[in-house]
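Notes for the one structure printed next.
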Amino acid sequence: MCNLQIIRDLAEKHGFSYTEQEPLSKHTTFRIGGNADMFVSVNDIAQLKAVVTACNENDIPMFIIGNGSNLLVSDEGMRSVVVALDGEFKDISLEENTITCGAGAILSKLCTFALSNSLKGLEFAYGIPGTVGGAAYMNAGAYGGEMKDVVKSVTHITRKGEIVTLPLSELDLAYRHSIYKTTDDIIISVTFELETGDADEIKEKMNDFMTRRKTKQPLEYPSAGSVFKRPEGNFAGTLIEQCGLKGKTIGGAQVSEKHAGFIINIGDATCDDVLNLISFVQDTVKEQTGYYLEREIIHI
């Protein structure tokens, strides 16, 4: 159990909200996860800085959560302070062809904002269910586009409370990777450089990608999106389907019959159900095809 009194005192002083023993199943798209010792929502830099520095100085474990769309949280929950970025961290602003967006904003909101200003380049991200911060952290991508194609810079706060901005050249963006996977820094905003385009064409492209998602992906069930990274020279979903694993079920977790690259929660799935199914899929695919499927979703 964390030393929560320190955070309680900070909340009273700085005015942010918190709950204790908060079910993380409420904050992940998998709808899986035990309780966090404390769940905090911060609305501005001052509140975030206060929490970050207090946790750092008092050795209190802290975890930043976005939309929880790429997370598989333990059934035992997290013995830490889990922080969500709200308020100003969802703001989006425009200067000519450059958009600066808070890390807490949902990607679809950013894409819609770009469309409303006839700016192209973010169409691929429409429908990815994560936050802007999470997308930068993972270098999210789809339909031939990636965040690294449109990101100009990322601003973060260190665990000591320092605000730093890194240009694209220092972000080490690669397939499902960024420099933030190797640091404790917390993304607070992302700046995008886009091109002027035709609003009708941008909208048509966004709608096409969304239609493809709805047609091919099991969006009607809780999941964390694609479970595995794309293996070189092939596709995870294709390999899993070739092995006859569509519909394979362990507990409440199932390999989707609609898209084999997804594991879905068909009812009260536990974290262990999902992990056991992931291992079964990895072992079967390795044995039958020689490919090892590396997990993309993050297990906490």
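The chains in the structure tokens are called A, B, ... from first to last as shown; in each chain the residues are counted from 1, and the ligands are counted from 1 in the order shown.
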
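Once A:Ile60 and its same-chain neighbours fewer than 4 positions away are set aside, Cys2, Asn3, Cys55, Asn56 and Ser80 of chain A remain within 7 Å of it when counting only C-alpha atoms.
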
Compile the contact shell of A:Thr249 as a VMD selection string: residues with an atom at most 10 Å away, counting only C-alpha atoms, same-chain residues fewer than 3 positions apart removed. chain A and resid 245 to 246 252 to 256 263 to 266 273 to 274 276 to 277

For the residues in that selection, give me C-alpha atoms as a CSV table (one decimal), in the first residue's frame.
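Once everything was written out, this is part-v7.csv:
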chain,number,residue,atom,x,y,z
A,245,LEU,CA,-7.1,-20.5,-33.7
A,246,LYS,CA,-10.1,-18.2,-34.5
A,252,GLY,CA,-13.7,-15.3,-20.8
A,253,ALA,CA,-11.0,-14.5,-23.3
A,254,GLN,CA,-11.4,-15.5,-27.0
A,255,VAL,CA,-9.4,-15.1,-30.2
A,256,SER,CA,-11.9,-13.1,-32.3
A,263,ILE,CA,-8.3,-11.2,-28.3
A,264,ILE,CA,-11.7,-10.1,-27.0
A,265,ASN,CA,-13.4,-10.2,-23.6
A,266,ILE,CA,-16.6,-12.2,-24.1
A,273,ASP,CA,-7.3,-15.7,-19.1
A,274,VAL,CA,-5.9,-13.3,-21.6
A,276,ASN,CA,-2.9,-17.8,-21.0
A,277,LEU,CA,-4.6,-17.4,-24.3

Long-range neighbours of A:Ala135 as an NGL selection string, 12 Å cut-off, only C-alpha atoms, 2 positions minimum in chain: :A and (66-70 or 101-108 or 110 or 122 or 124-133 or 137-142 or 146-148 or 150-151 or 154 or 173 or 175-178 or 180 or 187 or 189-190)

What parts of stretch 5-153 of chain A does DSSP call strand (DSSP E)? I'd like the answer as a ChimeraX atom specification. /A:17-23,35-42,62-65,71-72,78-85,92-95,98-102,119-120,141-142,145-146,151-153

Keeping C-alpha atoms for every residue in the selection just given, could you write it to a file as a PDB file, in the first residue's frame?
ATOM      1  CA  SER A  17      -9.757  14.924  -7.563  1.00  0.00           C
ATOM      2  CA  TYR A  18      -8.909  11.378  -6.515  1.00  0.00           C
ATOM      3  CA  THR A  19     -10.513   8.080  -5.554  1.00  0.00           C
ATOM      4  CA  GLU A  20      -9.053   5.202  -3.580  1.00  0.00           C
ATOM      5  CA  GLN A  21      -9.270   1.515  -4.472  1.00  0.00           C
ATOM      6  CA  GLU A  22     -10.457   2.480  -7.944  1.00  0.00           C
ATOM      7  CA  PRO A  23     -11.252  -0.486 -10.268  1.00  0.00           C
ATOM      8  CA  ASN A  35      -7.972  -1.836  -8.076  1.00  0.00           C
ATOM      9  CA  ALA A  36      -5.416   0.962  -8.015  1.00  0.00           C
ATOM     10  CA  ASP A  37      -4.465   2.180  -4.540  1.00  0.00           C
ATOM     11  CA  MET A  38      -5.312   5.680  -5.742  1.00  0.00           C
ATOM     12  CA  PHE A  39      -6.627   7.129  -9.009  1.00  0.00           C
ATOM     13  CA  VAL A  40      -5.883  10.820  -9.574  1.00  0.00           C
ATOM     14  CA  SER A  41      -7.163  13.197 -12.279  1.00  0.00           C
ATOM     15  CA  VAL A  42      -5.049  16.299 -12.854  1.00  0.00           C
ATOM     16  CA  MET A  62       3.176   6.278 -10.142  1.00  0.00           C
ATOM     17  CA  PHE A  63       1.668   5.300 -13.473  1.00  0.00           C
ATOM     18  CA  ILE A  64       0.180   7.554 -16.169  1.00  0.00           C
ATOM     19  CA  ILE A  65      -2.898   6.159 -17.895  1.00  0.00           C
ATOM     20  CA  LEU A  71      -3.275  -2.103 -21.559  1.00  0.00           C
ATOM     21  CA  LEU A  72      -3.805  -5.430 -19.863  1.00  0.00           C
ATOM     22  CA  MET A  78      -1.720  -1.739  -9.011  1.00  0.00           C
ATOM     23  CA  ARG A  79      -0.062  -0.728  -5.753  1.00  0.00           C
ATOM     24  CA  SER A  80       0.534   2.761  -7.054  1.00  0.00           C
ATOM     25  CA  VAL A  81      -0.937   6.160  -7.789  1.00  0.00           C
ATOM     26  CA  VAL A  82      -2.504   6.034 -11.253  1.00  0.00           C
ATOM     27  CA  VAL A  83      -2.732   9.458 -12.891  1.00  0.00           C
ATOM     28  CA  ALA A  84      -5.104  10.513 -15.675  1.00  0.00           C
ATOM     29  CA  LEU A  85      -4.541  13.725 -17.669  1.00  0.00           C
ATOM     30  CA  ILE A  92      -6.107  21.521 -28.904  1.00  0.00           C
ATOM     31  CA  SER A  93      -4.746  24.699 -30.533  1.00  0.00           C
ATOM     32  CA  LEU A  94      -3.800  25.754 -34.048  1.00  0.00           C
ATOM     33  CA  GLU A  95      -1.164  28.035 -35.555  1.00  0.00           C
ATOM     34  CA  THR A  98       0.721  23.343 -36.824  1.00  0.00           C
ATOM     35  CA  ILE A  99      -1.515  21.742 -34.187  1.00  0.00           C
ATOM     36  CA  THR A 100      -0.505  21.453 -30.547  1.00  0.00           C
ATOM     37  CA  CYS A 101      -2.553  18.924 -28.624  1.00  0.00           C
ATOM     38  CA  GLY A 102      -2.615  17.906 -24.991  1.00  0.00           C
ATOM     39  CA  LEU A 119      -5.434  19.830 -42.620  1.00  0.00           C
ATOM     40  CA  LYS A 120      -4.412  16.413 -43.908  1.00  0.00           C
ATOM     41  CA  GLY A 141      -0.070   3.648 -36.787  1.00  0.00           C
ATOM     42  CA  ALA A 142      -2.592   2.181 -39.200  1.00  0.00           C
ATOM     43  CA  GLY A 145       0.512   5.953 -41.621  1.00  0.00           C
ATOM     44  CA  GLU A 146       2.355   6.439 -38.326  1.00  0.00           C
ATOM     45  CA  VAL A 151       4.789  14.662 -35.265  1.00  0.00           C
ATOM     46  CA  LYS A 152       6.971  17.755 -35.086  1.00  0.00           C
ATOM     47  CA  SER A 153       7.873  17.640 -31.380  1.00  0.00           C
TER      48      SER A 153
END

Please identify all polymer residues within 9 Å of A:Cys243, counting only C-alpha atoms, omitting same-chain residues fewer than 6 positions from it, and present them as a list in words. Val281, Thr284, Val285, Gln288 and Thr289 of chain A

May I have the residues from that selection written out with N, CA and C atoms, as a PDB file, in the first residue's frame?
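New file out_36.pdb:
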ATOM      1  N   VAL A 281      -1.505 -19.031 -28.064  1.00  0.00           N
ATOM      2  CA  VAL A 281      -1.397 -18.579 -29.461  1.00  0.00           C
ATOM      3  C   VAL A 281       0.065 -18.508 -29.878  1.00  0.00           C
ATOM      4  N   THR A 284       1.486 -22.058 -30.315  1.00  0.00           N
ATOM      5  CA  THR A 284       0.916 -22.758 -31.478  1.00  0.00           C
ATOM      6  C   THR A 284       1.460 -22.197 -32.776  1.00  0.00           C
ATOM      7  N   VAL A 285       1.503 -20.868 -32.886  1.00  0.00           N
ATOM      8  CA  VAL A 285       2.000 -20.234 -34.113  1.00  0.00           C
ATOM      9  C   VAL A 285       3.478 -20.542 -34.315  1.00  0.00           C
ATOM     10  N   GLN A 288       3.769 -24.229 -35.476  1.00  0.00           N
ATOM     11  CA  GLN A 288       3.230 -24.551 -36.796  1.00  0.00           C
ATOM     12  C   GLN A 288       3.839 -23.740 -37.931  1.00  0.00           C
ATOM     13  N   THR A 289       4.326 -22.518 -37.631  1.00  0.00           N
ATOM     14  CA  THR A 289       4.809 -21.649 -38.717  1.00  0.00           C
ATOM     15  C   THR A 289       6.261 -21.215 -38.562  1.00  0.00           C
TER      16      THR A 289
END

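Atom CA of A:Phe113 is found 13.0 Å from atom CA of A:Thr196.
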
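Among the candidates A:Leu239, A:Ala54, A:Ala260, A:Ile32, the one nearest to A:Pro222 when counting only C-alpha atoms is A:Ile32.
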
Residues within 10 Å of A:Asn117, only C-alpha atoms, excluding chain neighbours under 6 positions, as a list in words: Leu94, Glu96, Asn97, Thr196, Gly197, Asp198 and Ala199 of chain A

Selected residues written out with C-alpha atoms, as a PDB file, in the first residue's frame:
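Result file follows (part24.pdb):
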ATOM      1  CA  LEU A  94      -3.800  25.754 -34.048  1.00  0.00           C
ATOM      2  CA  GLU A  96      -1.145  27.981 -39.355  1.00  0.00           C
ATOM      3  CA  ASN A  97      -0.491  24.304 -40.271  1.00  0.00           C
ATOM      4  CA  THR A 196      -3.425  21.941 -46.181  1.00  0.00           C
ATOM      5  CA  GLY A 197      -5.866  19.680 -47.999  1.00  0.00           C
ATOM      6  CA  ASP A 198      -9.396  19.435 -49.312  1.00  0.00           C
ATOM      7  CA  ALA A 199     -11.855  18.923 -46.432  1.00  0.00           C
TER       8      ALA A 199
END

Using only C-alpha atoms, determine which residues lie at most 6 Å from stretch 160-163 of chain A, disregarding the query and same-chain residues fewer than 3 positions distant; provide the list as a PDB file with C-alpha atoms, in the first residue's frame.
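Written output follows (out20.pdb):
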ATOM      1  CA  LYS A  49       4.002  18.695 -11.315  1.00  0.00           C
ATOM      2  CA  THR A  53       7.509  15.498  -7.696  1.00  0.00           C
ATOM      3  CA  HIS A 156       7.209  16.030 -21.455  1.00  0.00           C
ATOM      4  CA  ILE A 157       7.699  16.465 -17.735  1.00  0.00           C
TER       5      ILE A 157
END

In terms of only C-alpha atoms, the residue from A:Phe209, A:Val51, A:Ile7, A:Glu220 at minimal distance from A:Thr158 is A:Val51
